[in-house]
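Trainee: Input: one structure, supplied below.
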Amino acid sequence: MISTMQGVLGLASGSLVGFSLGLVGGGGSVLAVPLMVYVVGVPDAHVAIGTSAIAVAANAAVNLSNHARGGTVRWSCALTFAAAGMIGAFVGSIFGKMLDGQKLLALFALVMLVIAALMLKTRARVGLPDVRINWTNMPAIVGLGLATGTLSGFFGIGGGFLIVPALMLATGMSILNAVSSSLVAVTAFGLTTAASYAWSGLISWGLAGLFIAGGIVGGLLGTRSARHLAARRGALNVVFAAVIITVALYMLVRNLSLS
């Protein structure tokens with residue numbers, strides 16, 4: 001059962017998750033999992049991961065529609081990337097459930113720090129306009145989609161923080177296009193991972209509903225902020241990296257204090 005206080009905290013946490021997805025195309029489960037564990041008070045890390053997966057997938061779908069109206073989604077690249085990644089997400093989720101929950105969170109925090117460093121390194125790069133899938137970039141899109149999906153399923157995340165830099169690497173698109181396009185894969189990966197966790201009974205449906213409700217409002221604000229920051233060269237990359245580093249360090253500190 002969810003208490004009144006947990007309900008309020010769930011709505012507030014969901015709005016933060018939605019804002020992050022709208023702003024940088026990621027941070028859904030990266031924020032949702034620690035928020036569920038450390039703020040809302042979900043005692044089981046695997047339940048927090050499973051619940052965040054379905055909530056993030058739903059919020060990502062809403063944010064995708066917001067970005068699509070702005071014409072910034074590169075559908076051919078996004079759909080191919082997502083299709084390859086769904087296979088990896090299913091396989092990764094099977095192995096992720098075998099690992100201790102706290103070790104899973106700590107390992108994920110280390111991966112986040114690596115991603116943040118890569119995003120800061122490329123912050124001044126200008127992306128290619130109107131990128132589409134072709135025979136040259138297809139192998140990279142499929143390969144990185146499969147690899148990213150596997151990590152997404154393993155860590156029980158939507159994978160936006162992995163997908164955005166992977167799309168930029170595979171196609172050379174701008175970060176705004178990558179943020180927008182990543183939401184296709186975040187939705188697909190989240191649903192795939194959620195299905196696996198739901199099969200194992202590791203989802204709190206009431207809490208997921210609260211996160212989704214809060215995320216719809218936060219997502220609208222995040223999408224508007226992303227368009228504003230994208231006009232300033234490198235600003236969105238820096239914000240993206242700063243969010244990752246902050247959450248990753250917090251997760252590492254919490255896990256070290258519990259060990």
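Identifiers for the structure tokens are assigned positionally: chains receive A, B, ... in sequence, residues are indexed from 1 per chain, and ligands are indexed from 1 in the order shown.
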Env of Gly41 in chain A: 10 Å cut, atoms = only C-alpha atoms, seq-sep filter 3 positions within chain, self excluded. Answer as JSON, numbers by chain.

Mentor: {"A": [2, 6, 9, 10, 34, 35, 36, 37, 38, 44, 48]}

Trainee: Could those residues be written to a file, using N, CA and C atoms, as a PDB file, in the first residue's frame?

Mentor:
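What ended up in result21.pdb:
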```pdb
ATOM      1  N   ILE A   2       0.385   2.307  -0.643  1.00  0.00           N
ATOM      2  CA  ILE A   2       1.111   3.559  -0.718  1.00  0.00           C
ATOM      3  C   ILE A   2       0.472   4.562   0.234  1.00  0.00           C
ATOM      4  N   GLN A   6       3.786   9.141   0.622  1.00  0.00           N
ATOM      5  CA  GLN A   6       4.454   8.508  -0.509  1.00  0.00           C
ATOM      6  C   GLN A   6       3.802   8.930  -1.825  1.00  0.00           C
ATOM      7  N   LEU A   9       5.038  12.469  -2.587  1.00  0.00           N
ATOM      8  CA  LEU A   9       6.438  12.388  -3.013  1.00  0.00           C
ATOM      9  C   LEU A   9       6.545  11.734  -4.391  1.00  0.00           C
ATOM     10  N   GLY A  10       5.661  10.780  -4.669  1.00  0.00           N
ATOM     11  CA  GLY A  10       5.656  10.122  -5.971  1.00  0.00           C
ATOM     12  C   GLY A  10       5.294  11.083  -7.090  1.00  0.00           C
ATOM     13  N   PRO A  34      16.641   6.152  -8.018  1.00  0.00           N
ATOM     14  CA  PRO A  34      17.048   6.684  -6.702  1.00  0.00           C
ATOM     15  C   PRO A  34      15.941   7.453  -5.994  1.00  0.00           C
ATOM     16  N   LEU A  35      15.071   8.143  -6.740  1.00  0.00           N
ATOM     17  CA  LEU A  35      13.959   8.853  -6.107  1.00  0.00           C
ATOM     18  C   LEU A  35      13.005   7.863  -5.440  1.00  0.00           C
ATOM     19  N   MET A  36      12.726   6.749  -6.105  1.00  0.00           N
ATOM     20  CA  MET A  36      11.838   5.739  -5.531  1.00  0.00           C
ATOM     21  C   MET A  36      12.452   5.093  -4.293  1.00  0.00           C
ATOM     22  N   VAL A  37      13.763   4.841  -4.364  1.00  0.00           N
ATOM     23  CA  VAL A  37      14.423   4.162  -3.250  1.00  0.00           C
ATOM     24  C   VAL A  37      14.669   5.100  -2.079  1.00  0.00           C
ATOM     25  N   TYR A  38      15.233   6.296  -2.358  1.00  0.00           N
ATOM     26  CA  TYR A  38      15.698   7.177  -1.292  1.00  0.00           C
ATOM     27  C   TYR A  38      14.686   8.241  -0.864  1.00  0.00           C
ATOM     28  N   ASP A  44      12.670  -2.342  -2.004  1.00  0.00           N
ATOM     29  CA  ASP A  44      13.290  -3.319  -2.901  1.00  0.00           C
ATOM     30  C   ASP A  44      13.792  -2.609  -4.153  1.00  0.00           C
ATOM     31  N   ALA A  48      11.798  -1.011  -7.492  1.00  0.00           N
ATOM     32  CA  ALA A  48      11.997   0.375  -7.918  1.00  0.00           C
ATOM     33  C   ALA A  48      12.404   0.425  -9.389  1.00  0.00           C
TER      34      ALA A  48
END
```

Trainee: Do you know which residues are at most 8 Å from Leu151 in chain A counting only C-alpha atoms, after dropping those on the same chain fewer than 6 positions away, and could you put them as a list in words?

Mentor: Gly88, Ala89, Gly92 and Gly159 of chain A

Trainee: Ranking A:Ala208, A:Leu110, A:Ala117, A:Cys77 by minimum distance to Ala170 in chain A and counting only C-alpha atoms, which one comes first?

Mentor: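 Of the candidates, the smallest distance to Ala170 in chain A is held by A:Cys77.
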
Trainee: Could you name the residues that touch range 218-221 of chain A at 7 Å or less, counting only C-alpha atoms, but leaving out those on the same chain fewer than 2 positions away, as a list in words?

Mentor: Ser15, Leu16, Gly18, Phe19, Leu21, Gly22, Asn63, Gly214, Gly215, Ile216, Thr223, Arg224 and Ser225 of chain A

Trainee: Using DSSP secondary structure from the backbone, list all alpha helix (DSSP H) positions within range 113-170 of chain A, as a VMD selection string.

Mentor: chain A and resid 113 to 121 138 to 155 160 to 170

Trainee: Taking 6 positions as the minimum chain separation for residues in the same chain, which residues sit within 12 Å of Ala45 in chain A when counting only C-alpha atoms? Answer as a PyMOL selection string.

Mentor: chain A and resi 32-38+51-52+96-97+99-106+155-156+197+202-204+255

Trainee: Fewer than 4 positions away in the same chain doesn't count, so skip those; otherwise give me all residues within 9 Å of Ala195 in chain A, counting only C-alpha atoms, as a PyMOL selection string.

Mentor: chain A and resi 50+53-54+90+190-191+199-200

Trainee: Grab the CA of Val114 in chain A to CA of Pro165 in chain A distance for me, in Å with one decimal place.

Mentor: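 Those two atoms sit 11.3 Å apart.
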
Trainee: Would you mind telling me which residue in A:Phe154, A:Tyr250, A:Val73, A:Leu31 lies nearest to Ser196 in chain A when using only C-alpha atoms?

Mentor: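 Going through A:Phe154, A:Tyr250, A:Val73, A:Leu31 one by one, the smallest distance to Ser196 in chain A is for A:Phe154.
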
Trainee: With a distance cut-off of 7 Å and only C-alpha atoms, select the neighbouring residues of Ala60 in chain A, excluding the residue or stretch itself and same-chain residues fewer than 6 positions from it, and output the selection as an mmCIF file with N, CA and C atoms, in the first residue's frame.

Mentor:
```cif
data_model
loop_
_atom_site.group_PDB
_atom_site.id
_atom_site.type_symbol
_atom_site.label_atom_id
_atom_site.label_comp_id
_atom_site.auth_asym_id
_atom_site.auth_seq_id
_atom_site.Cartn_x
_atom_site.Cartn_y
_atom_site.Cartn_z
ATOM 1 N N LEU A 21 13.366 14.093 -18.838
ATOM 2 C CA LEU A 21 13.153 13.451 -20.136
ATOM 3 C C LEU A 21 12.886 14.490 -21.225
ATOM 4 N N LEU A 183 13.920 9.546 -27.514
ATOM 5 C CA LEU A 183 12.690 9.213 -26.795
ATOM 6 C C LEU A 183 11.939 8.053 -27.439
ATOM 7 N N VAL A 186 13.839 5.229 -25.819
ATOM 8 C CA VAL A 186 13.554 5.199 -24.381
ATOM 9 C C VAL A 186 12.198 4.553 -24.126
ATOM 10 N N THR A 187 11.225 4.916 -24.949
ATOM 11 C CA THR A 187 9.890 4.324 -24.817
ATOM 12 C C THR A 187 9.936 2.824 -25.080
#
```

Trainee: How far is it from CA of Ala248 in chain A to CA of Ile163 in chain A, in Å with one decimal?

Mentor: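 Pair CA of Ala248 in chain A / CA of Ile163 in chain A returns 17.0 Å.
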
Trainee: Please measure the separation of CA of Gly160 in chain A and CA of Met5 in chain A, giving the value in Å to one decimal.

Mentor: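 Here the two named atoms are 29.0 Å from each other.
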
Trainee: Which one of A:Val47, A:Ile245, A:Met98, A:Leu23 sits closest to Ala198 in chain A if you count only C-alpha atoms?

Mentor: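 For Ala198 in chain A, the nearest of the given residues is A:Val47.
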